Structures are given as structure tokens and as C-alpha cells.
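> Please find target_32.txt (compact mmCIF, C-alpha atoms (C1' of nucleotides)) on the next line:
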# COMPACT_ATOMS: atom_id res chain seq x y z
CA MET A 1 98.28 -39.71 79.18
CA PRO A 2 97.28 -36.07 79.21
CA ASP A 3 99.69 -34.81 76.54
CA ASP A 4 99.67 -31.07 75.95
CA SER A 5 96.08 -30.91 74.79
CA LEU A 6 93.22 -29.65 76.90
CA SER A 7 89.67 -30.84 77.36
CA VAL A 8 86.79 -28.45 77.13
CA GLY A 9 86.45 -28.47 80.89
CA GLU A 10 90.09 -27.56 81.39
CA VAL A 11 89.91 -24.80 78.85
CA ALA A 12 86.76 -23.54 80.48
CA SER A 13 88.12 -23.38 83.99
CA ARG A 14 91.42 -21.88 82.86
CA SER A 15 89.87 -19.26 80.64
CA GLY A 16 87.02 -18.36 82.93
CA PHE A 17 84.43 -19.08 80.27
CA ALA A 18 81.67 -21.61 80.85
CA PRO A 19 82.09 -24.88 78.97
CA SER A 20 78.96 -24.06 77.01
CA ALA A 21 80.52 -20.78 75.94
CA VAL A 22 83.69 -22.52 74.83
CA ARG A 23 81.68 -24.94 72.73
CA TYR A 24 79.69 -22.05 71.36
CA TYR A 25 82.84 -20.22 70.33
CA GLU A 26 84.03 -23.30 68.55
CA ARG A 27 80.73 -23.62 66.69
CA GLU A 28 81.04 -19.98 65.76
CA GLY A 29 84.53 -20.49 64.43
CA LEU A 30 86.31 -18.25 66.92
CA ILE A 31 88.42 -21.10 68.18
CA SER A 32 89.11 -24.56 66.87
CA ALA A 33 89.73 -27.97 68.36
CA ALA A 34 91.00 -31.36 67.31
CA ARG A 35 89.07 -34.43 68.35
CA SER A 36 90.02 -37.48 70.36
CA GLU A 37 89.27 -40.95 69.01
CA GLY A 38 86.06 -40.89 70.94
CA GLY A 39 85.06 -37.55 69.50
CA GLN A 40 85.88 -35.30 72.43
CA ARG A 41 87.45 -31.89 71.91
CA ARG A 42 91.20 -31.51 72.28
CA PHE A 43 92.36 -27.93 72.43
CA GLU A 44 95.88 -26.68 71.89
CA ARG A 45 97.29 -24.36 74.50
CA GLY A 46 97.17 -21.48 72.04
CA VAL A 47 93.46 -21.44 72.42
CA LEU A 48 93.90 -19.95 75.87
CA ARG A 49 95.54 -16.87 74.45
CA ARG A 50 92.83 -16.64 71.86
CA LEU A 51 90.23 -16.83 74.57
CA ALA A 52 92.06 -14.16 76.56
CA PHE A 53 91.82 -11.95 73.50
CA ILE A 54 88.15 -12.72 73.11
CA SER A 55 87.54 -11.95 76.74
CA ALA A 56 89.37 -8.65 76.49
CA ALA A 57 87.53 -7.68 73.35
CA ARG A 58 84.19 -8.53 74.88
CA HIS A 59 85.01 -6.46 77.94
CA ILE A 60 85.78 -3.56 75.69
CA GLY A 61 82.46 -4.00 74.00
CA LEU A 62 83.12 -5.70 70.68
CA SER A 63 80.48 -8.00 69.32
CA LEU A 64 81.42 -11.54 68.49
CA ASP A 65 81.28 -10.65 64.82
CA GLU A 66 83.83 -7.95 65.40
CA VAL A 67 85.95 -10.31 67.44
CA ARG A 68 85.83 -12.79 64.61
CA ALA A 69 86.93 -10.13 62.17
CA ALA A 70 89.76 -9.12 64.45
CA LEU A 71 90.92 -12.71 64.86
CA ASP A 72 90.91 -13.10 61.12
CA GLN A 73 93.61 -10.44 60.96
CA LEU A 74 96.01 -12.77 62.70
CA PRO A 75 98.69 -14.40 60.56
CA ARG A 76 97.66 -17.60 58.89
CA GLY A 77 100.14 -20.40 59.28
CA ARG A 78 102.42 -19.26 62.04
CA THR A 79 101.65 -18.89 65.69
CA PRO A 80 100.75 -15.29 66.50
CA THR A 81 103.35 -13.35 68.40
CA ALA A 82 102.79 -10.82 71.15
CA ALA A 83 103.33 -8.15 68.52
CA ASP A 84 100.52 -9.60 66.44
CA TRP A 85 98.11 -9.44 69.34
CA ASN A 86 99.17 -5.95 70.25
CA ARG A 87 98.84 -4.60 66.73
CA ILE A 88 95.22 -5.62 66.77
CA SER A 89 94.29 -4.54 70.26
CA LYS A 90 95.84 -1.12 69.71
CA LEU A 91 92.89 -0.30 67.51
CA TRP A 92 90.62 -0.59 70.50
CA ARG A 93 92.00 2.51 72.09
CA ALA A 94 90.38 4.78 69.52
CA ARG A 95 87.12 3.04 70.07
CA LEU A 96 87.28 3.50 73.80
CA ASP A 97 88.18 7.14 73.34
CA ALA A 98 85.17 7.66 71.12
CA GLU A 99 82.91 5.97 73.61
CA ILE A 100 84.22 8.06 76.45
CA GLU A 101 83.72 11.20 74.42
CA ALA A 102 80.16 10.23 73.62
CA LEU A 103 79.42 9.64 77.27
CA GLU A 104 80.95 12.95 78.27
CA ALA A 105 78.88 14.76 75.68
CA LEU A 106 75.82 13.05 77.05
CA ARG A 107 76.71 14.02 80.59
CA ASP A 108 77.31 17.63 79.67
CA GLY A 109 74.06 17.71 77.77
CA LEU A 110 72.33 16.32 80.83
CA GLU A 111 73.80 19.11 82.93
CA SER A 112 72.35 21.73 80.68
CA CYS A 113 69.04 19.91 80.65
CA ILE A 114 68.88 19.88 84.41
CA GLY A 115 69.81 23.50 84.42
CA CYS A 116 67.13 24.54 81.99
CA GLY A 117 64.40 22.28 83.26
CA CYS A 118 63.37 21.22 79.82
CA LEU A 119 63.16 17.57 78.92
CA SER A 120 61.21 18.88 75.99
CA LEU A 121 60.78 16.66 73.02
CA LYS A 122 61.84 19.44 70.74
CA ARG A 123 64.65 21.06 72.63
CA CYS A 124 66.24 18.56 74.98
CA ARG A 125 69.52 17.19 73.70
CA ILE A 126 69.18 14.10 75.82
CA SER A 127 65.71 13.02 74.93
CA ASN A 128 66.32 14.09 71.38
CA PRO A 129 69.92 13.25 70.53
CA HIS A 130 69.42 13.49 66.82
CA ASP A 131 70.17 17.15 67.17
CA VAL A 132 73.41 16.35 68.93
CA ALA A 133 74.36 13.80 66.33
CA ALA A 134 73.52 16.23 63.58
CA GLY A 135 75.68 18.80 65.32
CA ALA A 136 79.30 18.14 66.15
CA GLY A 137 79.08 14.84 67.97
CA PRO A 138 80.95 11.67 67.05
CA GLY A 139 78.01 9.83 65.55
CA ALA A 140 74.77 8.96 67.23
CA VAL A 141 74.87 9.32 70.96
CA TYR A 142 72.67 6.38 71.72
CA LEU A 143 74.04 4.17 74.37
CA PRO A 144 72.88 0.64 74.90
CA ARG A 145 72.22 -1.02 78.19
CA ARG A 146 75.17 -1.15 80.48
CA LEU A 147 76.22 -3.37 83.24
CA ARG A 148 73.60 -3.57 85.94
CA GLN A 149 74.75 -0.96 88.32
CA PRO A 150 72.31 -0.84 91.20
CA PRO A 151 69.60 1.27 89.53
CA ALA A 152 70.44 4.79 90.50
CA SER A 153 66.86 5.99 90.37
CA MET B 1 36.30 16.72 66.93
CA PRO B 2 39.90 16.13 67.98
CA ASP B 3 39.74 17.40 71.56
CA ASP B 4 43.02 17.50 73.44
CA SER B 5 43.66 13.76 73.27
CA LEU B 6 46.10 12.10 70.95
CA SER B 7 45.92 8.91 68.94
CA VAL B 8 48.72 6.42 69.00
CA GLY B 9 49.90 7.61 65.63
CA GLU B 10 50.08 11.21 66.74
CA VAL B 11 51.92 10.29 69.89
CA ALA B 12 54.28 8.19 67.85
CA SER B 13 55.18 10.84 65.33
CA ARG B 14 55.48 13.55 67.97
CA SER B 15 57.60 11.49 70.31
CA GLY B 16 59.76 9.88 67.69
CA PHE B 17 58.88 6.39 68.85
CA ALA B 18 57.32 3.87 66.50
CA PRO B 19 53.63 3.21 67.08
CA SER B 20 54.49 -0.35 68.01
CA ALA B 21 56.87 0.94 70.66
CA VAL B 22 54.22 3.23 72.08
CA ARG B 23 51.81 0.32 72.36
CA TYR B 24 54.54 -1.76 73.89
CA TYR B 25 55.22 0.87 76.53
CA GLU B 26 51.56 0.96 77.38
CA ARG B 27 51.43 -2.81 77.73
CA GLU B 28 54.47 -2.57 79.99
CA GLY B 29 52.82 0.05 82.13
CA LEU B 30 55.26 2.86 81.39
CA ILE B 31 52.52 5.04 79.98
CA SER B 32 48.75 4.83 80.11
CA ALA B 33 45.90 5.67 77.80
CA ALA B 34 42.15 6.11 77.93
CA ARG B 35 40.04 4.47 75.27
CA SER B 36 37.59 5.82 72.75
CA GLU B 37 34.14 4.30 72.42
CA GLY B 38 35.47 2.10 69.68
CA GLY B 39 38.40 0.96 71.80
CA GLN B 40 41.17 3.08 70.34
CA ARG B 41 43.84 4.62 72.54
CA ARG B 42 43.46 8.23 73.61
CA PHE B 43 46.57 9.70 75.16
CA GLU B 44 46.76 12.81 77.27
CA ARG B 45 49.37 15.35 76.32
CA GLY B 46 51.34 14.55 79.46
CA VAL B 47 52.33 11.29 77.88
CA LEU B 48 54.65 13.20 75.56
CA ARG B 49 56.70 14.42 78.48
CA ARG B 50 56.74 10.95 79.88
CA LEU B 51 57.98 9.62 76.57
CA ALA B 52 60.63 12.30 76.42
CA PHE B 53 61.81 11.12 79.80
CA ILE B 54 61.80 7.53 78.62
CA SER B 55 63.75 8.49 75.54
CA ALA B 56 66.31 10.37 77.56
CA ALA B 57 66.69 7.54 80.03
CA ARG B 58 67.12 5.00 77.27
CA HIS B 59 69.76 7.17 75.63
CA ILE B 60 71.60 7.25 78.90
CA GLY B 61 71.45 3.53 79.08
CA LEU B 62 68.73 2.65 81.57
CA SER B 63 66.78 -0.53 81.00
CA LEU B 64 63.03 -0.34 80.77
CA ASP B 65 62.82 -1.84 84.24
CA GLU B 66 64.92 0.98 85.57
CA VAL B 67 62.87 3.51 83.68
CA ARG B 68 59.74 2.04 85.18
CA ALA B 69 61.25 2.31 88.64
CA ALA B 70 62.21 5.91 87.97
CA LEU B 71 58.75 6.79 86.72
CA ASP B 72 57.27 5.25 89.84
CA GLN B 73 59.08 7.92 91.82
CA LEU B 74 56.90 10.57 90.29
CA PRO B 75 54.16 12.04 92.46
CA ARG B 76 50.93 10.13 92.44
CA GLY B 77 47.87 12.26 91.91
CA ARG B 78 49.24 15.52 90.69
CA THR B 79 50.81 16.31 87.38
CA PRO B 80 54.60 16.16 87.63
CA THR B 81 56.36 19.49 87.54
CA ALA B 82 59.64 20.29 85.83
CA ALA B 83 61.22 20.03 89.27
CA ASP B 84 59.90 16.51 89.64
CA TRP B 85 61.45 15.45 86.38
CA ASN B 86 64.71 17.11 87.17
CA ARG B 87 65.01 15.59 90.64
CA ILE B 88 64.88 12.18 89.02
CA SER B 89 67.13 12.82 86.10
CA LYS B 90 69.77 14.34 88.33
CA LEU B 91 70.50 10.86 89.59
CA TRP B 92 71.64 9.90 86.14
CA ARG B 93 74.67 12.09 86.35
CA ALA B 94 76.31 9.87 88.95
CA ARG B 95 75.64 6.91 86.74
CA LEU B 96 77.21 8.54 83.74
CA ASP B 97 80.21 9.57 85.81
CA ALA B 98 80.66 6.01 86.99
CA GLU B 99 80.42 4.69 83.47
CA ILE B 100 82.94 7.20 82.20
CA GLU B 101 85.30 6.28 84.99
CA ALA B 102 84.95 2.60 84.20
CA LEU B 103 85.73 3.22 80.56
CA GLU B 104 88.74 5.33 81.42
CA ALA B 105 90.05 2.63 83.71
CA LEU B 106 89.61 0.17 80.89
CA ARG B 107 91.44 2.42 78.47
CA ASP B 108 94.33 2.97 80.83
CA GLY B 109 94.54 -0.73 81.50
CA LEU B 110 94.63 -1.33 77.78
CA GLU B 111 97.52 1.09 77.46
CA SER B 112 99.54 -0.84 79.97
CA CYS B 113 98.58 -4.10 78.31
CA ILE B 114 99.80 -2.87 74.96
CA GLY B 115 102.95 -1.66 76.59
CA CYS B 116 103.72 -4.92 78.31
CA GLY B 117 102.62 -7.25 75.56
CA CYS B 118 100.75 -9.50 77.91
CA LEU B 119 97.16 -10.39 77.17
CA SER B 120 97.83 -13.12 79.66
CA LEU B 121 94.87 -14.76 81.27
CA LYS B 122 96.46 -14.36 84.65
CA ARG B 123 97.95 -10.91 84.45
CA CYS B 124 96.05 -8.85 81.91
CA ARG B 125 93.65 -6.38 83.48
CA ILE B 126 91.58 -6.26 80.33
CA SER B 127 91.03 -9.89 79.67
CA ASN B 128 90.68 -10.46 83.38
CA PRO B 129 88.85 -7.48 84.81
CA HIS B 130 87.92 -9.25 88.01
CA ASP B 131 91.25 -8.08 89.36
CA VAL B 132 90.40 -4.53 88.48
CA ALA B 133 87.00 -4.82 90.07
CA ALA B 134 88.52 -6.36 93.15
CA GLY B 135 90.99 -3.50 93.26
CA ALA B 136 89.82 0.07 93.32
CA GLY B 137 87.30 0.15 90.50
CA PRO B 138 83.65 1.14 90.79
CA GLY B 139 82.21 -2.32 90.39
CA ALA B 140 82.74 -4.77 87.60
CA VAL B 141 84.26 -3.28 84.51
CA TYR B 142 82.38 -5.34 82.03
CA LEU B 143 80.90 -3.34 79.24
CA PRO B 144 78.10 -4.61 77.06
CA ARG B 145 77.77 -4.18 73.38
CA ARG B 146 77.74 -0.59 72.26
CA LEU B 147 76.32 1.25 69.39
CA ARG B 148 77.59 -0.15 66.14
CA GLN B 149 80.50 2.00 65.38
CA PRO B 150 82.10 0.82 62.16
CA PRO B 151 84.13 -2.11 63.50
CA ALA B 152 87.50 -0.66 64.33
CA SER B 153 89.37 -3.90 63.78
C1' DC C 1 27.40 6.17 52.79
C1' DT C 2 31.61 4.57 51.71
C1' DA C 3 36.49 4.19 50.71
C1' DG C 4 40.64 3.97 52.74
C1' DA C 5 43.72 5.35 56.32
C1' DA C 6 44.61 4.26 60.83
C1' DG C 7 43.64 1.50 64.79
C1' DT C 8 42.93 -3.13 67.37
C1' DT C 9 44.54 -7.81 69.12
C1' DG C 10 47.41 -11.91 70.18
C1' DA C 11 51.01 -14.43 68.63
C1' DA C 12 55.12 -15.04 66.55
C1' DG C 13 59.63 -13.25 64.91
C1' DT C 14 64.23 -10.83 65.59
C1' DA C 15 68.83 -10.03 67.41
C1' DA C 16 72.92 -11.48 70.38
C1' DG C 17 75.12 -14.55 73.20
C1' DC C 18 74.85 -17.82 75.50
C1' DT C 19 72.58 -21.65 78.85
C1' DT C 20 69.82 -25.57 79.60
C1' DT C 21 67.98 -30.00 78.62
C1' DA C 22 67.72 -34.69 77.16
C1' DA C 23 69.51 -38.73 75.91
C1' DG C 24 73.34 -40.96 75.25
C1' DT C 25 78.93 -41.81 75.00
C1' DC C 26 83.76 -41.62 76.63
C1' DA C 27 87.57 -41.73 79.93
C1' DA C 28 89.76 -42.84 84.02
C1' DG C 29 90.34 -44.59 88.69
C1' DT C 30 89.74 -48.74 91.49
C1' DA D 1 84.86 -54.73 84.69
C1' DC D 2 82.52 -51.15 86.72
C1' DT D 3 81.33 -46.73 88.40
C1' DT D 4 81.48 -42.03 87.99
C1' DG D 5 82.40 -37.76 86.18
C1' DA D 6 83.18 -35.43 82.07
C1' DC D 7 81.91 -35.24 77.45
C1' DT D 8 78.84 -35.42 73.06
C1' DT D 9 74.83 -33.60 70.15
C1' DA D 10 70.78 -31.03 68.47
C1' DA D 11 67.31 -28.37 69.80
C1' DA D 12 64.98 -25.47 72.67
C1' DG D 13 65.01 -21.69 76.04
C1' DC D 14 66.38 -17.14 77.94
C1' DT D 15 66.50 -11.95 78.02
C1' DT D 16 65.49 -7.27 76.26
C1' DA D 17 63.10 -4.33 73.53
C1' DC D 18 60.76 -4.18 70.23
C1' DT D 19 58.77 -5.27 65.20
C1' DT D 20 55.94 -7.81 62.16
C1' DC D 21 51.97 -10.35 60.89
C1' DA D 22 47.19 -11.55 60.13
C1' DA D 23 42.71 -10.75 60.50
C1' DC D 24 39.61 -7.62 61.71
C1' DT D 25 37.42 -2.91 63.35
C1' DT D 26 37.06 2.09 63.74
C1' DC D 27 37.45 6.75 62.19
C1' DT D 28 37.20 10.45 59.09
C1' DA D 29 36.98 12.95 54.75
C1' DG D 30 34.31 13.44 50.72
Could you write out this structure as C-alpha cells?


Amino acid sequence: MPDDSLSVGEVASRSGFAPSAVRYYEREGLISAARSEGGQRRFERGVLRRLAFISAARHIGLSLDEVRAALDQLPRGRTPTAADWNRISKLWRARLDAEIEALEALRDGLESCIGCGCLSLKRCRISNPHDVAAGAGPGAVYLPRRLRQPPAS
Amino acid sequence: MPDDSLSVGEVASRSGFAPSAVRYYEREGLISAARSEGGQRRFERGVLRRLAFISAARHIGLSLDEVRAALDQLPRGRTPTAADWNRISKLWRARLDAEIEALEALRDGLESCIGCGCLSLKRCRISNPHDVAAGAGPGAVYLPRRLRQPPAS
DNA sequence: CTAGAAGTTGAAGTAAGCTTTAAGTCAAGT
DNA sequence: ACTTGACTTAAAGCTTACTTCAACTTCTAG
């Protein structure tokens, strides 16, 4: 009698996350689940929307801690509406803008580096981005590893 | 009698890397060092340029494996010229462009998501970027964790 | 010569975000 | 009832890029 609750496997295949990830998110308190008599997880359908949000946030680059904080902004008690979700995800736009700006600054700095042939420890804005950060940039321009594009060089 | 060779501490403070990082890079084969009679590292000055390159590449987001591959493109035997360094770092521009494009696609997708109030697992381009990737994007739009900006939400 | 700063090593620790493994339990179809 | 697939747990493992530790040695200034 599969009522309206979902097993971890169903949630996994519908959300696109691996079952182990779904369990991990539950352990981490990002989602919650009831239990069957036998102790197996029973998820409400709402968890799928929550997972969609998590997926989106991860794609945008939020850490799980940040995702947790964002989810905590949701209304306690009532089921979140589309407006609730949107209010939260709107904040991401500024973040993306900042990231794009940082990358563009880096690219432009690279152009000038290539032009001047430096790569000097003291002068190069790329190898030495403290100067950039100290200048007019939006915080430190230090980008972490990105998706494995086929190594360009 | 400090000839023209540098100790690990000197290299560290001049390059901006921690001494432990410099040793790590040597272990990983990104840089090399001669040894004193007593077994201490003696770096040539050229290592500073190499470290500047490594620093720049890391700032742009290359993994150490990619940096190693890039360094392997340098001429064997002779000391690399500014042109050598520039030839290699020019390739980074395409990478940065691709990353910027991916972020912009993500931002625009987010706009439409906010507009339509979806965040649906099936329809949302953000929570489900496979569709984007399958469409016209430059590879998977799946961005890793970024520099800790103060959590926007 | 000697103190003390700086260097050496291998091994273990850190962080995030999961995955894998092992050993065992539950659920469902026949 | 039985078989099979899905599920359970805690604990360990993975990856990257380093840092930290402990115990010891070397270098250099005075």
C-alpha cells in the first residue's frame, strides 16, 4: 500500500541524487523523514521540492552550510509557497553577479599580463591578486577549482 | 656565503606561499630543488617565476594536475622565456571566457526561474542543469564551491 | 663553540561532500 | 514461506591541497 510517502530509492531516482546523498542530507538536517514500522525512511512529497532547491543552490555554488541557512529561512509550520522559495533564491542573483564580475576582472587582468609579458611576483595582478583585492575589486579574486573542463593547457 | 640559491624560507616569503606549500610542490614535482651538503633545499631563482605561474594558474582555477600539465609544456633544457610563459597562459583566457559564459547562462536561467516560480525538478533549468548542458551550453553548468563570500542567504 | 633560528622527514590531520563497505533487516511478489 | 531487491547502520574511504606535528639536524651569528 504505497500511500503518498516515498522510499529513499524513489526520492533518489526522482531527485537525481544518489541514495547515499539523500541519506547524508537527512543526517545533516537538510531534509527530514518519518520512519516505517521497520525503521525505513518515509519521505513526504515536499522533500522533492526541497531537494530541487538544494540542487539549484549547489549548482550556483552554495555550500551545504549556506543551503542549510537558506532553508532555515523558510516558514516554520506551514508548507512553503512558490513565493517563499522565490524570495530566497532571488538573493542568489547578486552572488552570481559578483562572481561574474570577479571572473571578468581576472580575465581583463590576464589580458594585460599577456600584453606586458610579466608574470612577475611583484607586478602581475594574476599571480598576485592581493593588489587587485586591495584596489577596487569585489573582495579577493581567488577562484577555487571549477568543473573539469578538458584541461585547456 | 649566500650565493644565488634560495632556502625554502626565502622562496616562501618571496613567493607568498607557505613553506609547507613550497615543500609540497616539490614533492609533487611542480618545482625542483638542489640540496646543500646537509640536505637542505637550495632553489634557483627561476623557481620564483615558476611559483608565480603556479599562483596565477591557481587563482584562475586550475587544479594542481592541470598546472603540472601546463608546466610540462615548457621547453626542456633551456630557461623559459617570457614568450614561453605567455604562450601557455594565453590558453587560460578561453577557459575564463567559458566559465563566465556558464555563469551568465546560470544567472539568466535563474531570472526565468524566479519569474516563473518553478523550481520544479522537471522544468527548472537551475535545479536541473542537465537540460541546459544538453541544449546549447558549453558543457555541464555545475559550479563548485566558490570563495566564501559572506553567505548571501 | 654554542645558542637558537630555520630546516629535515614521514605520518597524520583538515575541510567538504559524499561514496563505499560490511553485516544484517525489511518488504513485496510468487 | 521464501526469495530477492531494497533498506538499515556505523565506520571507513575518497579527493584536493595543503597544514600540523614530532623528533631530530643543520646553519649562522656572536

> Chain D near chain B within 9 Å: what's each residue's closest atom pair and its distance in Å to one decimal, counting all atoms listed in the file, ordered by chain then ascending residue number, as a tab-separated table?


residue	atom	partner	partner_atom	distance
D:DT16	C1'	B:Ser63	CA	8.3
D:DA17	C1'	B:Leu64	CA	8.3
D:DC18	C1'	B:Ala21	CA	6.4
D:DT19	C1'	B:Ser20	CA	7.1
D:DT25	C1'	B:Gly38	CA	8.3
D:DT26	C1'	B:Gly38	CA	6.1

> Write the residues you've just listed into a file as a PDB file, keeping the file's coordinate frame, and include C-alpha atoms (C1' of nucleotides) for each of them.


ATOM      1  C1'  DT D  16      65.490  -7.270  76.260  1.00  0.00           C
ATOM      2  C1'  DA D  17      63.100  -4.330  73.530  1.00  0.00           C
ATOM      3  C1'  DC D  18      60.760  -4.180  70.230  1.00  0.00           C
ATOM      4  C1'  DT D  19      58.770  -5.270  65.200  1.00  0.00           C
ATOM      5  C1'  DT D  25      37.420  -2.910  63.350  1.00  0.00           C
ATOM      6  C1'  DT D  26      37.060   2.090  63.740  1.00  0.00           C
TER       7       DT D  26
END

> In file coordinates, which residues lie within 9 Å of (57.0, -10.7, 61.9) using all atoms listed in the file, given as a ChimeraX atom specification?

/C:12-14 /D:19-21

> Rounded to one decimal place, report the CA of Ala56 (chain B)-CA of Asp65 (chain A) distance in Å.

28.8 Å

> Find the spatial neighbours of DG24 (chain C), counting all atoms listed in the file, within a cut-off of 12 Å - ignore same-chain residues fewer than 2 positions away - and output them as a JSON list (two decimals) with C-alpha atoms (C1' of nucleotides), keeping the file's coordinate frame.


[["chain", "number", "residue", "atom", "x", "y", "z"],
["C", 22, "DA", "C1'", 67.72, -34.69, 77.16],
["C", 26, "DC", "C1'", 83.76, -41.62, 76.63],
["D", 7, "DC", "C1'", 81.91, -35.24, 77.45],
["D", 8, "DT", "C1'", 78.84, -35.42, 73.06],
["D", 9, "DT", "C1'", 74.83, -33.60, 70.15]]

> Determine, using only C-alpha atoms (C1' of nucleotides), which residues of chain C have any atom at most 12 Å from an atom of chain B, and tabulate each with its shortest atom pair and distance in Å to one decimal place, rows ordered by chain and then rising number, as a Markdown table.


| residue | atom | partner | partner_atom | distance |
| --- | --- | --- | --- | --- |
| C:DA5 | C1' | B:Gly9 | CA | 11.4 |
| C:DA6 | C1' | B:Gly9 | CA | 7.9 |
| C:DG7 | C1' | B:Gln40 | CA | 6.3 |
| C:DT8 | C1' | B:Gln40 | CA | 7.1 |
| C:DT9 | C1' | B:Gly39 | CA | 11.0 |
| C:DA16 | C1' | B:Arg145 | CA | 9.3 |
| C:DG17 | C1' | B:Arg145 | CA | 10.7 |

> Based on the selection just made, write C-alpha atoms (C1' of nucleotides) of those residues as a CSV table (one decimal), in the coordinates of the input.


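Once everything was written out, this is result_13.csv:
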chain,number,residue,atom,x,y,z
C,5,DA,C1',43.7,5.4,56.3
C,6,DA,C1',44.6,4.3,60.8
C,7,DG,C1',43.6,1.5,64.8
C,8,DT,C1',42.9,-3.1,67.4
C,9,DT,C1',44.5,-7.8,69.1
C,16,DA,C1',72.9,-11.5,70.4
C,17,DG,C1',75.1,-14.6,73.2

> What's the separation between CA of His59 (chain A) and C1' of DA11 (chain D), in Å to one decimal place?

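Separating CA of His59 (chain A) from C1' of DA11 (chain D) is a distance of 29.3 Å.
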
> What's the separation between CA of Leu71 (chain A) and CA of Asp3 (chain A), in Å to one decimal place?

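Taking CA of Leu71 (chain A) as the start and CA of Asp3 (chain A) as the end point, the length is 26.5 Å.
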
> Counting all atoms listed in the file, give me one row per residue of region 1-119 of chain B with an atom at most 10 Å from an atom of region 94-116 of chain A, showing the shortest contact pair and its distance in Å to one decimal, sorted by chain then residue number, as a tab-separated table.


residue	atom	partner	partner_atom	distance
B:Ala56	CA	A:Leu110	CA	9.1
B:His59	CA	A:Leu106	CA	8.6
B:Ile60	CA	A:Leu106	CA	7.4
B:Ala82	CA	A:Ile114	CA	9.4
B:Ala83	CA	A:Ile114	CA	9.1
B:Trp85	CA	A:Ile114	CA	8.9
B:Asn86	CA	A:Ile114	CA	5.7
B:Arg87	CA	A:Ile114	CA	8.5
B:Ile88	CA	A:Ile114	CA	9.8
B:Ser89	CA	A:Ile114	CA	7.5
B:Lys90	CA	A:Ile114	CA	6.8
B:Trp92	CA	A:Leu110	CA	8.4
B:Arg93	CA	A:Arg107	CA	6.4
B:Ala94	CA	A:Arg107	CA	9.3
B:Arg95	CA	A:Arg107	CA	9.5
B:Leu96	CA	A:Arg107	CA	6.3
B:Asp97	CA	A:Arg107	CA	7.7
B:Glu99	CA	A:Leu103	CA	8.0
B:Ile100	CA	A:Ile100	CA	6.0
B:Glu101	CA	A:Ile100	CA	8.8
B:Ala102	CA	A:Ile100	CA	9.5
B:Leu103	CA	A:Ile100	CA	6.5
B:Glu104	CA	A:Ile100	CA	7.3
B:Leu106	CA	A:Leu96	CA	8.2
B:Arg107	CA	A:Leu96	CA	6.3
B:Asp108	CA	A:Leu96	CA	10.0
B:Leu110	CA	A:Leu96	CA	9.7

> Select all residues near (64.0, -16.1, 81.8) (cut-off 12 Å, inclusive, file coordinates), counting only C-alpha atoms (C1' of nucleotides), and output them as a list in words.

DT19 and DT20 of chain C; DG13, DC14, DT15 and DT16 of chain D

> Using all atoms listed in the file for the distances, tell me which of B:Arg42, B:Ala52, B:Pro75, B:Arg68 is nearest to chain A.

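Closest to chain A of all the choices is B:Ala52.
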
> Pick the closest to chain B from A:Ser32, A:Gly77, A:Ser13, A:Val22: which is it, counting all atoms listed in the file?

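Distance minimum relative to chain B lands on A:Ser13.
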
> Please reconstruct the missing atoms of region 45-62 of chain B (target: N, CA and C atoms) and return them as a PDB file, in the frame of the given file.


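Listed below is the output, selection-v1.pdb:
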ATOM      1  N   ARG B  45      48.134  14.719  76.780  1.00  0.00           N
ATOM      2  CA  ARG B  45      49.370  15.350  76.320  1.00  0.00           C
ATOM      3  C   ARG B  45      50.549  15.031  77.233  1.00  0.00           C
ATOM      4  N   GLY B  46      50.255  14.828  78.504  1.00  0.00           N
ATOM      5  CA  GLY B  46      51.340  14.550  79.460  1.00  0.00           C
ATOM      6  C   GLY B  46      52.177  13.352  79.065  1.00  0.00           C
ATOM      7  N   VAL B  47      51.591  12.493  78.263  1.00  0.00           N
ATOM      8  CA  VAL B  47      52.330  11.290  77.880  1.00  0.00           C
ATOM      9  C   VAL B  47      53.557  11.653  77.043  1.00  0.00           C
ATOM     10  N   LEU B  48      53.513  12.796  76.380  1.00  0.00           N
ATOM     11  CA  LEU B  48      54.650  13.200  75.560  1.00  0.00           C
ATOM     12  C   LEU B  48      55.867  13.502  76.439  1.00  0.00           C
ATOM     13  N   ARG B  49      55.602  14.138  77.558  1.00  0.00           N
ATOM     14  CA  ARG B  49      56.700  14.420  78.480  1.00  0.00           C
ATOM     15  C   ARG B  49      57.250  13.117  79.049  1.00  0.00           C
ATOM     16  N   ARG B  50      56.335  12.257  79.369  1.00  0.00           N
ATOM     17  CA  ARG B  50      56.740  10.950  79.880  1.00  0.00           C
ATOM     18  C   ARG B  50      57.603  10.208  78.865  1.00  0.00           C
ATOM     19  N   LEU B  51      57.201  10.298  77.617  1.00  0.00           N
ATOM     20  CA  LEU B  51      57.980   9.620  76.570  1.00  0.00           C
ATOM     21  C   LEU B  51      59.320  10.300  76.355  1.00  0.00           C
ATOM     22  N   ALA B  52      59.349  11.606  76.526  1.00  0.00           N
ATOM     23  CA  ALA B  52      60.630  12.300  76.420  1.00  0.00           C
ATOM     24  C   ALA B  52      61.576  11.818  77.511  1.00  0.00           C
ATOM     25  N   PHE B  53      61.016  11.643  78.688  1.00  0.00           N
ATOM     26  CA  PHE B  53      61.810  11.120  79.800  1.00  0.00           C
ATOM     27  C   PHE B  53      62.305   9.716  79.483  1.00  0.00           C
ATOM     28  N   ILE B  54      61.423   8.897  78.976  1.00  0.00           N
ATOM     29  CA  ILE B  54      61.800   7.530  78.620  1.00  0.00           C
ATOM     30  C   ILE B  54      62.908   7.552  77.580  1.00  0.00           C
ATOM     31  N   SER B  55      62.734   8.395  76.589  1.00  0.00           N
ATOM     32  CA  SER B  55      63.750   8.490  75.540  1.00  0.00           C
ATOM     33  C   SER B  55      65.098   8.901  76.115  1.00  0.00           C
ATOM     34  N   ALA B  56      65.064   9.904  76.962  1.00  0.00           N
ATOM     35  CA  ALA B  56      66.310  10.370  77.560  1.00  0.00           C
ATOM     36  C   ALA B  56      66.964   9.258  78.380  1.00  0.00           C
ATOM     37  N   ALA B  57      66.151   8.600  79.173  1.00  0.00           N
ATOM     38  CA  ALA B  57      66.690   7.540  80.030  1.00  0.00           C
ATOM     39  C   ALA B  57      67.283   6.418  79.204  1.00  0.00           C
ATOM     40  N   ARG B  58      66.608   6.070  78.126  1.00  0.00           N
ATOM     41  CA  ARG B  58      67.120   5.000  77.270  1.00  0.00           C
ATOM     42  C   ARG B  58      68.437   5.428  76.636  1.00  0.00           C
ATOM     43  N   HIS B  59      68.516   6.701  76.245  1.00  0.00           N
ATOM     44  CA  HIS B  59      69.760   7.170  75.630  1.00  0.00           C
ATOM     45  C   HIS B  59      70.903   7.090  76.628  1.00  0.00           C
ATOM     46  N   ILE B  60      70.565   7.288  77.885  1.00  0.00           N
ATOM     47  CA  ILE B  60      71.600   7.250  78.900  1.00  0.00           C
ATOM     48  C   ILE B  60      71.956   5.826  79.260  1.00  0.00           C
ATOM     49  N   GLY B  61      71.096   4.923  78.916  1.00  0.00           N
ATOM     50  CA  GLY B  61      71.450   3.530  79.080  1.00  0.00           C
ATOM     51  C   GLY B  61      70.628   2.768  80.116  1.00  0.00           C
ATOM     52  N   LEU B  62      69.558   3.372  80.614  1.00  0.00           N
ATOM     53  CA  LEU B  62      68.730   2.650  81.570  1.00  0.00           C
ATOM     54  C   LEU B  62      67.904   1.579  80.846  1.00  0.00           C
TER      55      LEU B  62
END
